[in-house]
$ cat my_file28.csv   # CSV, C-alpha atoms and all ligand atoms
chain,number,residue,atom,x,y,z
A,1,MET,CA,162.9,229.3,169.2
A,2,THR,CA,160.6,231.9,170.7
A,3,PHE,CA,158.5,233.9,168.2
A,4,THR,CA,157.6,237.5,168.8
A,5,LEU,CA,154.9,239.3,166.8
A,6,ARG,CA,154.1,243.0,166.9
A,7,LEU,CA,150.5,244.2,166.5
A,8,ALA,CA,149.5,247.8,165.8
A,9,HIS,CA,146.1,248.6,167.1
A,10,LEU,CA,144.9,251.7,165.2
A,11,TYR,CA,143.2,254.4,167.2
A,12,PRO,CA,141.9,252.2,170.1
A,13,ASP,CA,140.2,255.2,171.8
A,14,HIS,CA,138.4,256.5,168.7
A,15,MET,CA,137.6,253.2,166.9
A,16,ASN,CA,136.3,250.7,169.3
A,17,VAL,CA,132.6,249.9,169.1
A,18,TYR,CA,130.8,246.6,170.1
A,19,GLY,CA,133.8,245.3,171.9
A,20,ASP,CA,136.1,245.3,168.8
A,21,ARG,CA,139.0,245.4,171.2
A,22,GLY,CA,138.1,241.8,171.9
A,23,ASN,CA,139.8,241.0,168.6
A,24,VAL,CA,143.2,242.1,170.0
A,25,ILE,CA,142.6,240.1,173.2
A,26,ALA,CA,141.8,237.0,171.1
A,27,LEU,CA,144.9,237.3,169.0
A,28,ARG,CA,147.0,237.9,172.1
A,29,GLN,CA,145.5,234.9,174.0
A,30,ARG,CA,145.9,232.4,171.1
A,31,CYS,CA,149.5,233.6,170.6
A,32,LEU,CA,150.2,233.3,174.3
A,33,ARG,CA,148.9,229.8,174.5
A,34,ARG,CA,151.4,228.8,171.8
A,35,GLY,CA,154.3,230.6,173.4
A,36,ILE,CA,154.2,233.4,170.9
A,37,ASP,CA,154.8,236.8,172.4
A,38,LEU,CA,152.4,239.4,170.9
A,39,GLU,CA,153.5,242.9,171.6
A,40,VAL,CA,150.6,245.4,171.2
A,41,ILE,CA,151.3,248.9,170.0
A,42,PRO,CA,148.4,251.3,170.3
A,43,VAL,CA,148.5,253.9,167.5
A,44,GLN,CA,147.1,257.2,168.7
A,45,PRO,CA,146.8,260.4,166.7
A,46,GLY,CA,150.3,262.0,166.4
A,47,ASP,CA,152.3,258.8,167.0
A,48,THR,CA,155.2,257.8,164.8
A,49,ILE,CA,155.1,254.1,163.9
A,50,ASP,CA,157.8,252.0,162.2
A,51,TRP,CA,155.5,250.0,160.0
A,52,THR,CA,158.3,247.8,158.8
A,53,ALA,CA,158.5,246.3,162.3
A,54,VAL,CA,154.8,245.6,162.5
A,55,ASP,CA,153.4,242.1,161.7
A,56,LEU,CA,149.7,242.5,162.4
A,57,ALA,CA,147.4,245.5,162.4
A,58,PHE,CA,143.9,245.8,163.8
A,59,PHE,CA,141.5,248.7,162.9
A,60,GLY,CA,138.1,248.5,164.6
A,61,GLY,CA,134.8,250.2,163.9
A,62,GLY,CA,133.6,253.6,165.1
A,63,GLN,CA,130.9,256.2,164.9
A,64,ASP,CA,131.0,258.7,162.1
A,65,SER,CA,132.2,261.3,164.6
A,66,GLY,CA,135.1,259.1,165.7
A,67,GLN,CA,136.1,258.3,162.1
A,68,ALA,CA,136.1,262.0,161.3
A,69,LEU,CA,138.6,262.7,164.1
A,70,ILE,CA,141.2,260.3,162.8
A,71,THR,CA,141.1,260.4,159.0
A,72,THR,CA,143.7,263.2,158.6
A,73,ASP,CA,146.1,261.4,160.9
A,74,LEU,CA,145.5,258.1,159.2
A,75,ILE,CA,146.1,259.5,155.7
A,76,GLU,CA,148.9,262.0,156.4
A,77,ARG,CA,150.8,260.6,159.3
A,78,GLN,CA,150.4,256.8,159.0
A,79,GLY,CA,149.5,256.7,155.3
A,80,PRO,CA,152.8,256.2,153.6
A,81,GLY,CA,154.2,253.6,156.0
A,82,LEU,CA,150.9,251.8,156.4
A,83,ARG,CA,150.2,251.7,152.7
A,84,SER,CA,153.6,250.3,151.8
A,85,ALA,CA,153.3,247.7,154.7
A,86,ILE,CA,150.0,246.5,153.3
A,87,GLU,CA,151.5,246.3,149.8
A,88,ASN,CA,154.3,244.3,151.5
A,89,ASP,CA,151.7,241.8,152.9
A,90,LEU,CA,151.2,243.1,156.4
A,91,VAL,CA,148.4,241.0,158.0
A,92,MET,CA,145.6,243.3,158.7
A,93,LEU,CA,142.0,243.0,159.9
A,94,ALA,CA,139.7,246.0,159.6
A,95,ILE,CA,136.1,246.0,160.9
A,96,CYS,CA,133.3,248.3,159.8
A,97,GLY,CA,134.4,251.9,160.3
A,98,GLY,CA,138.0,250.8,159.9
A,99,TYR,CA,137.2,248.8,156.8
A,100,GLN,CA,135.5,251.9,155.3
A,101,LEU,CA,138.5,254.1,156.0
A,102,LEU,CA,140.9,251.7,154.2
A,103,GLY,CA,138.8,252.4,151.1
A,104,HIS,CA,138.7,255.5,148.9
A,105,TYR,CA,136.1,257.4,150.9
A,106,PHE,CA,133.0,257.2,153.1
A,107,ARG,CA,130.2,259.6,152.5
A,108,THR,CA,128.2,259.8,155.7
A,109,HIS,CA,124.5,260.2,156.1
A,110,THR,CA,124.9,263.9,156.5
A,111,GLY,CA,126.7,264.1,153.2
A,112,GLU,CA,130.2,264.6,154.7
A,113,ARG,CA,132.9,263.0,152.6
A,114,LEU,CA,135.5,261.3,154.8
A,115,PRO,CA,138.6,260.4,152.7
A,116,GLY,CA,140.1,257.0,153.2
A,117,LEU,CA,143.6,255.6,152.8
A,118,GLY,CA,142.6,254.2,149.3
A,119,VAL,CA,144.6,251.0,149.8
A,120,LEU,CA,141.4,248.9,149.4
A,121,ASP,CA,139.6,249.4,146.1
A,122,VAL,CA,136.2,250.0,147.8
A,123,TYR,CA,134.1,253.1,148.6
A,124,THR,CA,131.2,253.5,151.0
A,125,ILE,CA,128.1,255.6,150.9
A,126,ALA,CA,125.7,255.8,153.8
A,127,GLY,CA,122.0,254.9,153.3
A,128,LYS,CA,119.0,256.1,155.2
A,129,ARG,CA,118.4,252.8,157.1
A,130,ARG,CA,121.1,251.3,159.3
A,131,MET,CA,122.0,247.7,158.6
A,132,ILE,CA,121.7,246.0,162.0
A,133,GLY,CA,121.6,242.4,163.1
A,134,ASN,CA,123.4,239.1,163.2
A,135,ILE,CA,125.3,238.0,160.2
A,136,VAL,CA,126.8,234.7,158.9
A,137,ILE,CA,129.3,234.6,156.0
A,138,GLU,CA,130.9,231.7,154.3
A,139,VAL,CA,134.7,232.1,153.7
A,140,ASP,CA,137.5,229.9,152.5
A,141,LEU,CA,140.6,230.3,154.5
A,142,GLY,CA,142.4,227.6,152.5
A,143,HIS,CA,140.6,224.5,153.9
A,144,GLY,CA,137.3,224.7,152.1
A,145,PRO,CA,134.2,226.7,153.0
A,146,GLN,CA,133.7,227.7,156.6
A,147,ARG,CA,131.1,229.9,158.3
A,148,LEU,CA,131.9,232.9,160.4
A,149,VAL,CA,129.4,234.6,162.6
A,150,GLY,CA,129.2,238.2,163.8
A,151,PHE,CA,127.0,241.3,164.4
A,152,GLU,CA,126.7,244.2,162.1
A,153,ASN,CA,125.5,247.8,162.6
A,154,HIS,CA,126.3,250.3,159.9
A,155,SER,CA,124.8,253.0,157.8
A,156,GLY,CA,127.5,252.7,155.1
A,157,ARG,CA,127.1,250.5,152.0
A,158,THR,CA,130.4,249.4,150.7
A,159,PHE,CA,130.9,248.8,147.0
A,160,HIS,CA,133.9,247.1,145.4
A,161,GLY,CA,136.3,247.7,142.5
A,162,ALA,CA,138.4,245.2,140.6
A,163,ARG,CA,141.4,245.2,142.9
A,164,VAL,CA,139.7,243.5,145.8
A,165,ARG,CA,138.2,240.0,146.0
A,166,PRO,CA,135.3,239.0,148.2
A,167,PHE,CA,136.2,237.8,151.7
A,168,GLY,CA,133.0,236.0,152.2
A,169,LYS,CA,129.6,235.3,150.8
A,170,VAL,CA,126.6,236.5,153.0
A,171,LEU,CA,124.4,233.6,154.1
A,172,THR,CA,122.3,235.7,156.4
A,173,GLY,CA,122.4,239.4,157.2
A,174,HIS,CA,123.2,242.5,155.1
A,175,GLY,CA,126.9,242.4,154.5
A,176,ASP,CA,128.8,245.1,152.6
A,177,ASN,CA,125.8,246.7,150.9
A,178,GLY,CA,122.7,244.5,151.2
A,179,GLN,CA,122.6,243.9,147.5
A,180,ASP,CA,125.4,241.8,146.0
A,181,GLY,CA,126.1,239.2,148.7
A,182,TRP,CA,129.7,240.4,149.4
A,183,GLY,CA,130.7,239.8,153.0
A,184,GLY,CA,133.9,241.8,153.2
A,185,ALA,CA,136.9,242.3,150.9
A,186,VAL,CA,140.4,241.0,150.8
A,187,TYR,CA,143.5,242.6,149.3
A,188,ARG,CA,146.8,240.8,149.7
A,189,ASN,CA,146.8,240.0,153.5
A,190,THR,CA,144.3,242.7,154.4
A,191,PHE,CA,140.8,241.6,155.4
A,192,GLY,CA,138.0,244.1,155.8
A,193,CYS,CA,134.4,243.3,156.8
A,194,TYR,CA,131.4,244.4,158.8
A,195,LEU,CA,131.5,241.7,161.4
A,196,HIS,CA,131.7,242.9,165.0
A,197,GLY,CA,131.0,240.4,167.6
A,198,ALA,CA,133.8,240.6,168.5
A,199,LEU,CA,134.7,238.7,165.4
A,200,LEU,CA,137.8,236.8,166.5
A,201,PRO,CA,136.8,235.5,169.9
A,202,LYS,CA,133.7,234.0,168.2
A,203,ASN,CA,135.6,232.6,165.2
A,204,PRO,CA,138.9,231.1,166.4
A,205,GLN,CA,139.7,229.7,163.0
A,206,LEU,CA,140.1,233.2,161.6
A,207,THR,CA,142.2,234.2,164.6
A,208,ASP,CA,144.6,231.3,163.9
A,209,HIS,CA,144.6,232.1,160.1
A,210,LEU,CA,145.8,235.6,160.8
A,211,ILE,CA,148.4,234.5,163.3
A,212,GLY,CA,149.7,231.9,160.9
A,213,LEU,CA,150.0,234.4,158.0
A,214,ALA,CA,151.9,236.8,160.3
A,215,LEU,CA,154.2,234.1,161.6
A,216,ARG,CA,155.1,232.9,158.1
A,217,ARG,CA,155.6,236.4,156.8
A,218,ARG,CA,158.0,237.2,159.6
A,219,TYR,CA,159.8,233.9,160.2
A,220,GLY,CA,159.4,232.1,156.8
A,221,GLN,CA,157.3,229.2,155.5
A,222,GLN,CA,158.8,226.7,158.0
A,223,ALA,CA,157.3,228.6,160.9
A,224,GLU,CA,154.5,226.2,161.8
A,225,LEU,CA,151.5,227.3,163.8
A,226,LEU,CA,151.1,224.8,166.7
A,227,SER,CA,147.6,223.4,166.6
A,228,LEU,CA,145.6,224.5,169.5
A,229,PRO,CA,142.1,223.3,170.6
A,230,ALA,CA,139.2,225.7,170.3
A,231,GLU,CA,136.4,223.1,170.9
A,232,ARG,CA,134.3,225.3,173.2
A,233,GLU,CA,134.5,228.3,170.9
A,234,LEU,CA,133.8,226.3,167.8
A,235,ALA,CA,130.8,224.5,169.5
A,236,ALA,CA,129.3,227.9,170.5
A,237,GLN,CA,129.9,229.2,167.0
A,238,ARG,CA,128.1,226.2,165.4
A,239,VAL,CA,125.1,226.7,167.7
A,240,MET,CA,125.0,230.4,166.7
A,241,VAL,CA,125.3,229.7,163.0
A,242,GLN,CA,122.6,227.0,163.1
A,243,ARG,CA,120.2,229.1,165.0
A,244,LEU,CA,120.7,232.0,162.6
A,245,LEU,CA,120.4,230.0,159.4
A,246,ARG,CA,117.3,228.2,160.6
A,247,ARG,CA,115.4,231.5,160.8
A,248,PHE,CA,115.7,232.0,157.1
A,301,LIG,N1,129.9,250.1,163.4
A,301,LIG,C1,130.6,250.9,162.7
A,301,LIG,O1,131.9,250.9,162.7
A,301,LIG,C2,129.9,252.0,161.9
A,301,LIG,C3,130.7,252.6,160.8
A,301,LIG,C4,130.1,253.9,160.2
A,301,LIG,N2,130.0,254.9,161.2
A,301,LIG,C5,128.7,253.5,159.7
A,301,LIG,O2,127.7,253.8,160.3
A,301,LIG,O3,128.6,252.9,158.7
$ encode --input "my_file28.csv" --output "structure tokens" --more "lines below"
Ligand SMILES: NC(=O)CC[C@H](N)C(=O)O
Amino acid sequence: MTFTLRLAHLYPDHMNVYGDRGNVIALRQRCLRRGIDLEVIPVQPGDTIDWTAVDLAFFGGGQDSGQALITTDLIERQGPGLRSAIENDLVMLAICGGYQLLGHYFRTHTGERLPGLGVLDVYTIAGKRRMIGNIVIEVDLGHGPQRLVGFENHSGRTFHGARVRPFGKVLTGHGDNGQDGWGGAVYRNTFGCYLHGALLPKNPQLTDHLIGLALRRRYGQQAELLSLPAERELAAQRVMVQRLLRRF
């Protein structure tokens, strides 16, 4: 049986900093190598999307100005369909600016309040100093603790309500707000965090986790994800993690 998955890439022209597009390429490549056809649907302002047909969504980071340009479209046009897809376990990854806009709001450093979709119980307030640098978080994707590596650059500090759980614990770097050790948040199958990198090419175990979730959601629990080597990526990841953790 051939599997097909559909991925919606939200606002690729407005929300794509630090090579976040690489996440979509990594998903496509690791699908392709398993014979899974990944159809990528770019979501541009004004587009009509059937969210019931979407299996995966990716929402990258952006500058405050890019975020301001798409919030109305996100909330008013995509809002109802996207919100109910997320409630229905759509598999979604949102990075930095995208993560912020899935929350209640983002107050920028100029004091502008950008409303978010409100589907993640988080809110973000910009601080004076940007949080920049490499970051390592520890996550549990169902097989015990694992480390993910990335790069962060954000003014926003994200704080969490009771309806999200932590995605990871910060081992080095700032993370969501530089205070409480949260490295991203999870709600149902939606994952938000500050790790650019791009995140998925550097961390193939997360790529596979997302593909596996999407495959089972679409085709049922028996849809097994073929195991696929990622030795070189994992070796590079180990070196990066070790180097970063040694400095602290
Ligand atoms: N890298 C990003 O996506 C930045 C998001 C947002 N503009 C901030 O500065 O916090």
$ residues_near_ligand --input "my_file28.csv" --ligand "ligand LIG 301 (chain A)" --cutoff "7 Å" --atoms "all atoms listed in the file" --output "NGL selection string"
:A and (17 or 60-64 or 95-98 or 126 or 152-156)
$ closest_residue --input "my_file28.csv" --among "A:Arg130, A:Arg77, A:Arg163, A:Arg6" --to "Gly46 (chain A)" --atoms "all atoms listed in the file"
A:Arg77
$ closest_residue --input "my_file28.csv" --among "A:Thr124, A:Gln78, A:Thr52, A:Gln242" --to "Leu171 (chain A)" --atoms "only C-alpha atoms"
A:Gln242
$ residues_around --input "my_file28.csv" --residues "region 183-200 of chain A" --least-positions-apart "2" --cutoff "7 Å" --atoms "all atoms listed in the file" --output "JSON, numbers by chain"
{"A": [18, 19, 20, 22, 23, 26, 86, 89, 90, 91, 92, 93, 94, 95, 96, 99, 120, 137, 150, 151, 152, 164, 165, 166, 167, 168, 169, 170, 175, 176, 181, 202, 203, 204, 206, 207]}
$ closest_residue --input "my_file28.csv" --among "A:Leu56, A:Val149, A:Leu245, A:Ile75" --to "Arg218 (chain A)" --atoms "all atoms listed in the file"
A:Leu56
$ atom_distance --input "my_file28.csv" --atom1 "CA of Met15 (chain A)" --atom2 "CA of Ile135 (chain A)"
20.7 Å
$ residues_around --input "my_file28.csv" --residues "Tyr123 (chain A)" --least-positions-apart "4" --cutoff "6 Å" --atoms "all atoms listed in the file" --output "PyMOL selection string"
chain A and resi 103-105+158-159
$ residues_near_point --input "my_file28.csv" --point "(152.6, 256.5, 154.9)" --cutoff "12 Å" --atoms "all atoms listed in the file" --output "list in words"
Thr48, Ile49, Asp50, Trp51, Thr52, Thr72, Asp73, Leu74, Ile75, Glu76, Arg77, Gln78, Gly79, Pro80, Gly81, Leu82, Arg83, Ser84, Ala85, Ile86, Glu87, Leu117, Gly118 and Val119 of chain A
$ write_last_selection --input "my_file28.csv" --atoms "C-alpha atoms" --output "short mmCIF file (atom, residue, chain, number, x, y, z; two decimals), keeping the file's coordinate frame"
data_model
loop_
_atom_site.label_atom_id
_atom_site.label_comp_id
_atom_site.auth_asym_id
_atom_site.auth_seq_id
_atom_site.Cartn_x
_atom_site.Cartn_y
_atom_site.Cartn_z
CA THR A 48 155.20 257.80 164.80
CA ILE A 49 155.10 254.10 163.90
CA ASP A 50 157.80 252.00 162.20
CA TRP A 51 155.50 250.00 160.00
CA THR A 52 158.30 247.80 158.80
CA THR A 72 143.70 263.20 158.60
CA ASP A 73 146.10 261.40 160.90
CA LEU A 74 145.50 258.10 159.20
CA ILE A 75 146.10 259.50 155.70
CA GLU A 76 148.90 262.00 156.40
CA ARG A 77 150.80 260.60 159.30
CA GLN A 78 150.40 256.80 159.00
CA GLY A 79 149.50 256.70 155.30
CA PRO A 80 152.80 256.20 153.60
CA GLY A 81 154.20 253.60 156.00
CA LEU A 82 150.90 251.80 156.40
CA ARG A 83 150.20 251.70 152.70
CA SER A 84 153.60 250.30 151.80
CA ALA A 85 153.30 247.70 154.70
CA ILE A 86 150.00 246.50 153.30
CA GLU A 87 151.50 246.30 149.80
CA LEU A 117 143.60 255.60 152.80
CA GLY A 118 142.60 254.20 149.30
CA VAL A 119 144.60 251.00 149.80
#
$ closest_residue --input "my_file28.csv" --among "A:Gln205, A:Gln100, A:Thr172, A:Asn88" --to "Asp55 (chain A)" --atoms "only C-alpha atoms"
A:Asn88
$ closest_residue --input "my_file28.csv" --among "A:Gln237, A:Leu32, A:Val139, A:Pro115" --to "Thr2 (chain A)" --atoms "only C-alpha atoms"
A:Leu32
$ residues_near_point --input "my_file28.csv" --point "(123.3, 246.0, 150.3)" --cutoff "7 Å" --atoms "all atoms listed in the file" --output "PyMOL selection string"
chain A and resi 157+174-180
$ closest_residue --input "my_file28.csv" --among "A:Val241, A:Leu228, A:Met131, A:Ala68" --to "Thr108 (chain A)" --atoms "only C-alpha atoms"
A:Ala68
$ atom_distance --input "my_file28.csv" --atom1 "CA of Thr110 (chain A)" --atom2 "CA of Gln67 (chain A)"
13.7 Å
$ atom_distance --input "my_file28.csv" --atom1 "CA of Phe58 (chain A)" --atom2 "CA of Arg147 (chain A)"
21.1 Å
$ residues_around --input "my_file28.csv" --residues "Met1 (chain A)" --least-positions-apart "3" --cutoff "12 Å" --atoms "only C-alpha atoms" --output "list in words"
Thr4, Arg34, Gly35, Ile36, Asp37, Tyr219, Ala223 and Glu224 of chain A
$ residues_around --input "my_file28.csv" --residues "Phe106 (chain A)" --least-positions-apart "6" --cutoff "6 Å" --atoms "all atoms listed in the file" --output "ChimeraX atom specification"
/A:113-114,124-125
$ write_last_selection --input "my_file28.csv" --atoms "C-alpha atoms" --output "PDB file, in the frame of the given file"
ATOM      1  CA  ARG A 113     132.900 263.000 152.600  1.00  0.00           C
ATOM      2  CA  LEU A 114     135.500 261.300 154.800  1.00  0.00           C
ATOM      3  CA  THR A 124     131.200 253.500 151.000  1.00  0.00           C
ATOM      4  CA  ILE A 125     128.100 255.600 150.900  1.00  0.00           C
TER       5      ILE A 125
END
